[in-house]
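To be precise, the following lines are model26.txt, and they hold compact mmCIF, C-alpha atoms.
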# COMPACT_ATOMS: atom_id res chain seq x y z
CA MET A 1 17.51 39.42 15.26
CA ALA A 2 21.08 39.18 16.52
CA THR A 3 19.99 36.82 19.31
CA ARG A 4 18.20 34.58 16.83
CA ALA A 5 21.29 34.51 14.61
CA ALA A 6 23.42 33.54 17.60
CA PHE A 7 21.14 30.56 18.32
CA VAL A 8 21.30 29.48 14.66
CA VAL A 9 25.10 29.70 14.65
CA ALA A 10 25.28 27.75 17.92
CA LEU A 11 23.09 25.02 16.36
CA ILE A 12 25.35 24.89 13.30
CA LEU A 13 28.39 24.60 15.55
CA ARG A 14 26.94 21.66 17.46
CA SER A 15 26.01 19.92 14.20
CA ILE A 16 29.52 20.34 12.82
CA TYR A 17 31.09 19.06 16.04
CA GLY A 18 28.76 16.06 15.89
CA GLY A 19 29.92 15.31 12.35
CA MET A 20 33.55 15.57 13.46
CA ASN A 21 32.93 13.05 16.23
CA ILE A 22 31.22 10.62 13.85
CA VAL A 23 33.92 10.59 11.16
CA ALA A 24 36.73 10.53 13.72
CA LYS A 25 35.14 7.59 15.53
CA GLY A 26 34.73 5.80 12.22
CA ALA A 27 38.42 6.30 11.45
CA PHE A 28 39.48 5.01 14.88
CA ASP A 29 37.25 1.95 14.57
CA GLU A 30 38.85 1.21 11.19
CA GLY A 31 42.29 1.15 12.83
CA MET A 32 43.67 4.69 12.52
CA SER A 33 46.06 5.74 15.29
CA THR A 34 44.63 8.53 17.44
CA SER A 35 47.99 10.27 17.83
CA VAL A 36 48.66 10.19 14.07
CA PHE A 37 45.16 11.55 13.46
CA VAL A 38 45.82 14.52 15.74
CA LEU A 39 49.20 15.16 14.10
CA TYR A 40 47.83 15.21 10.55
CA ARG A 41 44.80 17.38 11.32
CA HIS A 42 47.16 20.07 12.62
CA ALA A 43 49.96 19.65 10.07
CA ILE A 44 47.62 19.91 7.08
CA ALA A 45 46.26 23.22 8.37
CA ILE A 46 49.63 25.00 8.58
CA PRO A 47 50.26 25.58 4.82
CA PHE A 48 46.87 27.26 4.53
CA LEU A 49 46.50 29.09 7.82
CA LEU A 50 49.99 30.50 8.42
CA PRO A 51 50.50 32.30 5.06
CA ILE A 52 47.05 33.92 5.28
CA ALA A 53 47.68 35.09 8.83
CA TYR A 54 51.09 36.47 7.87
CA MET A 55 49.76 38.39 4.85
CA LEU A 56 46.88 39.93 6.79
CA GLU A 57 48.71 40.84 9.99
CA ARG A 58 52.39 41.22 9.10
CA LYS A 59 52.18 45.04 9.22
CA THR A 60 50.19 45.29 12.44
CA SER A 61 51.50 42.38 14.50
CA PRO A 62 53.92 43.16 17.36
CA ALA A 63 57.33 41.55 17.71
CA LEU A 64 57.14 37.99 19.00
CA THR A 65 59.14 37.86 22.22
CA PHE A 66 60.47 34.72 23.90
CA LYS A 67 58.03 35.20 26.78
CA ALA A 68 55.05 35.42 24.42
CA SER A 69 56.31 32.38 22.48
CA LEU A 70 56.59 30.37 25.68
CA LYS A 71 53.03 31.31 26.67
CA LEU A 72 51.73 30.28 23.24
CA PHE A 73 53.67 26.99 23.43
CA VAL A 74 52.29 26.06 26.85
CA HIS A 75 48.79 27.21 25.86
CA ALA A 76 48.92 24.98 22.77
CA LEU A 77 50.32 22.05 24.78
CA TYR A 78 47.40 21.66 27.18
CA GLY A 79 44.67 23.29 25.08
CA ILE A 80 45.25 21.87 21.60
CA SER A 81 47.67 18.96 21.26
CA GLY A 82 47.14 17.66 24.79
CA SER A 83 43.37 18.03 24.97
CA ILE A 84 42.70 16.64 21.49
CA ASN A 85 45.02 13.66 22.00
CA VAL A 86 43.34 12.77 25.30
CA TYR A 87 39.88 13.38 23.84
CA SER A 88 40.63 11.23 20.77
CA ILE A 89 41.80 8.32 22.90
CA GLY A 90 38.59 8.59 24.90
CA LEU A 91 36.53 8.69 21.70
CA SER A 92 38.20 5.49 20.49
CA TYR A 93 37.08 3.79 23.71
CA ALA A 94 33.49 5.09 23.74
CA SER A 95 31.00 6.21 21.07
CA ALA A 96 30.33 9.24 18.89
CA THR A 97 27.05 9.81 20.75
CA SER A 98 28.72 10.06 24.16
CA SER A 99 31.45 12.20 22.60
CA SER A 100 28.91 14.66 21.21
CA ALA A 101 27.15 14.80 24.57
CA ILE A 102 30.36 15.59 26.45
CA SER A 103 31.55 18.17 23.91
CA ASN A 104 28.22 19.99 24.31
CA VAL A 105 29.05 20.67 27.96
CA LEU A 106 32.10 22.73 26.94
CA PRO A 107 30.37 26.15 27.29
CA VAL A 108 29.14 25.18 30.76
CA VAL A 109 32.58 24.04 31.90
CA ALA A 110 34.14 27.17 30.43
CA PHE A 111 31.67 29.38 32.30
CA PHE A 112 32.29 27.48 35.55
CA LEU A 113 36.05 27.89 35.17
CA ALA A 114 35.64 31.55 34.29
CA VAL A 115 33.69 32.07 37.52
CA LEU A 116 36.39 30.26 39.54
CA LEU A 117 39.07 32.42 37.93
CA ARG A 118 36.93 35.53 38.52
CA ILE A 119 36.76 36.32 34.85
CA GLU A 120 32.96 36.02 34.97
CA SER A 121 30.61 36.82 37.84
CA LEU A 122 27.65 34.84 39.17
CA ASN A 123 25.14 36.51 41.47
CA MET A 124 22.78 33.96 43.00
CA LYS A 125 20.64 36.74 44.44
CA ARG A 126 19.52 37.80 40.97
CA PHE A 127 17.15 35.97 38.66
CA GLN A 128 19.78 35.70 35.92
CA GLY A 129 22.17 33.93 38.29
CA ILE A 130 19.51 31.42 39.33
CA VAL A 131 18.66 30.73 35.68
CA LYS A 132 22.33 30.15 34.86
CA VAL A 133 22.77 27.67 37.71
CA THR A 134 19.55 25.86 36.76
CA GLY A 135 20.70 25.62 33.17
CA ILE A 136 24.06 24.23 34.28
CA VAL A 137 22.37 21.53 36.39
CA PHE A 138 20.05 20.46 33.55
CA CYS A 139 22.94 20.48 31.08
CA PHE A 140 25.08 18.22 33.25
CA ALA A 141 22.12 15.91 33.89
CA GLY A 142 21.47 15.52 30.17
CA VAL A 143 25.13 14.92 29.42
CA ILE A 144 25.39 12.25 32.12
CA VAL A 145 22.40 10.38 30.69
CA LEU A 146 23.66 10.54 27.09
CA ALA A 147 27.27 9.80 27.98
CA PHE A 148 26.75 6.79 30.24
CA TYR A 149 23.82 5.15 28.47
CA GLN A 150 25.22 2.48 26.16
CA GLY A 151 22.35 1.52 23.91
CA PRO A 152 21.90 -1.46 21.59
CA GLU A 153 24.37 -2.07 18.78
CA MET A 154 23.34 -0.68 15.38
CA LYS A 155 25.00 -1.90 12.19
CA SER A 156 25.96 0.58 9.50
CA PHE A 157 23.95 0.70 6.27
CA ASN A 158 26.97 2.11 4.42
CA HIS A 159 28.95 -0.64 2.70
CA HIS A 160 30.99 1.53 0.33
CA ARG A 161 34.47 0.06 -0.09
CA LEU A 162 36.09 3.51 0.31
CA LEU A 163 35.01 3.55 3.94
CA HIS A 164 36.10 0.00 4.67
CA GLN A 165 39.58 -0.69 3.29
CA THR A 166 41.31 -1.87 6.43
CA SER A 167 42.28 -5.34 7.60
CA ASN A 168 39.78 -7.81 8.96
CA SER A 169 41.04 -7.18 12.49
CA HIS A 170 39.37 -3.78 12.41
CA ALA A 171 36.52 -4.49 9.98
CA THR A 172 34.00 -5.56 12.59
CA VAL A 173 32.12 -3.36 14.99
CA ILE A 174 34.12 -2.79 18.15
CA VAL A 175 32.24 -3.61 21.34
CA HIS A 176 33.70 -2.03 24.46
CA SER A 177 33.59 -3.38 27.99
CA VAL A 178 32.07 -1.27 30.74
CA ARG A 179 35.50 -0.48 32.17
CA THR A 180 36.82 0.63 28.78
CA TRP A 181 33.66 2.67 28.17
CA LEU A 182 34.03 4.48 31.51
CA LEU A 183 37.71 5.13 30.77
CA GLY A 184 36.68 6.67 27.46
CA ILE A 185 34.12 8.90 29.21
CA PHE A 186 36.74 9.99 31.74
CA LEU A 187 39.34 10.81 29.08
CA MET A 188 36.86 12.77 26.96
CA THR A 189 35.76 14.70 30.05
CA LEU A 190 39.38 15.46 30.90
CA GLY A 191 40.03 16.61 27.34
CA THR A 192 36.95 18.85 27.46
CA ILE A 193 38.12 20.45 30.72
CA CYS A 194 41.52 21.21 29.17
CA TRP A 195 39.77 22.60 26.11
CA ALA A 196 37.59 24.78 28.35
CA PHE A 197 40.71 26.11 30.11
CA TRP A 198 42.14 26.94 26.70
CA THR A 199 38.95 28.83 25.78
CA VAL A 200 38.81 30.78 29.03
CA LEU A 201 42.50 31.76 28.93
CA GLN A 202 42.39 32.93 25.32
CA GLY A 203 41.82 36.47 26.60
CA PRO A 204 45.09 36.69 28.58
CA ILE A 205 46.94 34.98 25.72
CA LEU A 206 45.64 37.59 23.28
CA ASP A 207 46.84 40.28 25.67
CA ALA A 208 50.32 38.73 25.51
CA TYR A 209 50.26 38.59 21.69
CA PRO A 210 47.27 40.54 20.31
CA SER A 211 47.46 39.47 16.64
CA LYS A 212 44.49 37.09 16.52
CA LEU A 213 45.28 35.15 13.33
CA LEU A 214 49.00 34.86 13.98
CA ASN A 215 48.25 33.95 17.59
CA THR A 216 46.10 31.03 16.46
CA SER A 217 48.48 30.05 13.65
CA LEU A 218 51.50 29.93 15.94
CA GLN A 219 49.57 27.79 18.40
CA ILE A 220 48.75 25.38 15.55
CA VAL A 221 52.44 25.25 14.61
CA PHE A 222 53.44 24.53 18.20
CA ALA A 223 50.66 21.95 18.52
CA THR A 224 51.89 20.20 15.36
CA ILE A 225 55.42 19.94 16.74
CA GLN A 226 54.10 18.66 20.06
CA SER A 227 51.78 16.18 18.35
CA PHE A 228 54.68 14.87 16.25
CA PHE A 229 56.70 13.94 19.32
CA ILE A 230 53.61 12.52 21.03
CA ALA A 231 52.96 10.34 17.97
CA LEU A 232 56.60 9.21 17.93
CA VAL A 233 56.27 8.00 21.51
CA VAL A 234 52.78 6.51 21.25
CA GLU A 235 52.79 5.02 17.74
CA ARG A 236 56.02 3.13 16.98
CA ASP A 237 54.49 1.22 14.06
CA PHE A 238 55.22 3.58 11.14
CA SER A 239 52.99 1.60 8.80
CA ARG A 240 50.05 3.18 10.65
CA TRP A 241 51.33 6.66 9.78
CA LYS A 242 50.37 6.22 6.13
CA LEU A 243 47.08 7.79 5.07
CA LYS A 244 44.98 5.68 2.72
CA LEU A 245 42.00 6.53 0.53
CA ASP A 246 39.46 5.52 3.14
CA ILE A 247 37.54 7.07 6.01
CA SER A 248 40.81 7.98 7.75
CA LEU A 249 41.63 10.52 5.04
CA ILE A 250 38.06 11.80 5.06
CA ALA A 251 38.16 12.25 8.84
CA VAL A 252 41.47 14.13 8.77
CA LEU A 253 40.38 16.51 6.00
CA TYR A 254 36.92 17.10 7.45
CA CYS A 255 38.10 17.73 11.00
CA THR A 256 40.93 19.96 9.81
CA SER A 257 38.72 22.18 7.67
CA CYS A 258 35.96 22.44 10.27
CA ARG A 259 38.07 22.93 13.36
CA VAL A 260 40.69 25.32 11.99
CA TYR A 261 38.75 27.40 9.49
CA LEU A 262 34.99 27.29 9.87
CA LEU A 263 34.51 26.92 13.61
CA PRO A 264 36.59 29.93 14.76
CA GLU A 265 34.66 32.17 12.39
CA LEU A 266 31.34 30.82 13.66
CA ASP A 267 32.48 31.24 17.26
CA ILE A 268 33.32 34.88 16.61
CA THR A 269 29.95 35.41 14.92
CA CYS A 270 28.14 33.74 17.81
CA LYS A 271 29.94 35.81 20.45
CA SER A 272 29.38 39.06 18.59
CA GLY A 273 25.67 38.21 18.29

Would you mind writing the file's structure down as C-alpha cells?
Amino acid sequence: MATRAAFVVALILRSIYGGMNIVAKGAFDEGMSTSVFVLYRHAIAIPFLLPIAYMLERKTSPALTFKASLKLFVHALYGISGSINVYSIGLSYASATSSSAISNVLPVVAFFLAVLLRIESLNMKRFQGIVKVTGIVFCFAGVIVLAFYQGPEMKSFNHHRLLHQTSNSHATVIVHSVRTWLLGIFLMTLGTICWAFWTVLQGPILDAYPSKLLNTSLQIVFATIQSFFIALVVERDFSRWKLKLDISLIAVLYCTSCRVYLLPELDITCKSG
C-alpha cells in the first residue's frame, strides 16, 4: 500500500511540475523577465514560510552560527537562485515539453551524483543494480527524444484577454532557431544538474543546521537576496519589474505555491513511502 501511494505521489509531483513549466513558459513568451520571475516567486513565499517555520521550531532550533549561515547561503546560491535562473532562461529559449522532459530526469541525475559522492551504492553484480542502470539508460533515452524533438507549431485555443495583455512584440508565438533551442536545452540541463546537487547535499546541510523548516526558510531568504542582485544586473529596464494582471502574475503565484509549499510535503511523503 505504501509503495502504491509513493507512485501516486510521484505522479502528482510530475503533473505539478509540468503545470509549472507550462505557465512559466507562457509568462516568458508574453514578455516577462526570467530574472524578475525568479525573484518574485521567492520573495512572495517569505512572508508565509518564515513566520510558520519560526513559530514551529523556535524552541527546538539550534543557534545559527556564521559557519552554518555561510553553508546555507552557498547552498541556496547554486541550488535555488542559480539553478532556477539558469533553468528559466533555458525554458524561455525552448518549450514546456522539453522542460518537463528534462526535469523528469532529476531523480536519475541525483542518484548518479549520490553514487559519485558515495552517498548511495550501486552493485552491478546484483539484480537490483542492473535494473537501476537499465532504468537510467531508458530514462535518458526518453528524455533525449522528448527534449530534442521540436514538433509542429500548435496555436493556443485560449484567447482570454487576461492571458494576453502584453505588447504586440510579444503577442505572437515565438519560434526559436535550432541554435537557440539547443542553448535552451543545455541551460535547462545545467540547471537540473545544479538542482540535483542541491537535493543530494540536503543531508549534509541538515546536519549543519538540523531545523528542517527554518533551514528551508533561510535558504529561501538567501535565494531572494541573491535573485534581487541577479535581477538588478540582468534586467535594467525597471518597467519589466511591474507585475500585471495577466499570465505573469498567474505564473508567479502558481509556481510559488507549488514549489515552496506543496512539493516539499509531497517529496517527504514520497520518500517516507

Across A:Phe228, A:Phe37, A:Trp181, A:Tyr17, the smallest distance to A:Arg240, with all atoms listed in the file counted, is shown by A:Phe37

Could you produce a table of the residues of stretch 163-264 of chain A lying within 6 Å of stretch 69-78 of chain A, with the nearest pair of atoms per residue and their separation in Å rounded to one decimal, using only C-alpha atoms, ordered by chain and increasing residue number, as a Markdown table?
| residue | atom | partner | partner_atom | distance |
| --- | --- | --- | --- | --- |
| A:Gln219 | CA | A:Ala76 | CA | 5.2 |
| A:Phe222 | CA | A:Phe73 | CA | 5.8 |
| A:Ala223 | CA | A:Ala76 | CA | 5.5 |

I'd like the interatomic distance between atom CA of A:Ser92 and atom CA of A:Thr34, to a tenth of an Å.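 For atom CA of A:Ser92 relative to atom CA of A:Thr34, the distance reads 7.7 Å.
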
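The residue set within 9 Å of stretch 200-212 of chain A, counting all atoms listed in the file and dropping same-chain residues fewer than 3 places from it, reads Ala53, Glu57, Thr60, Ser61, Pro62, Ala63, Leu64, Thr65, Lys67, Ala68, Ser69, Lys71, Leu72, His75, Ala110, Phe111, Leu113, Ala114, Ile119, Trp195, Ala196, Phe197, Asn215, Thr216 and Ser217 of chain A.
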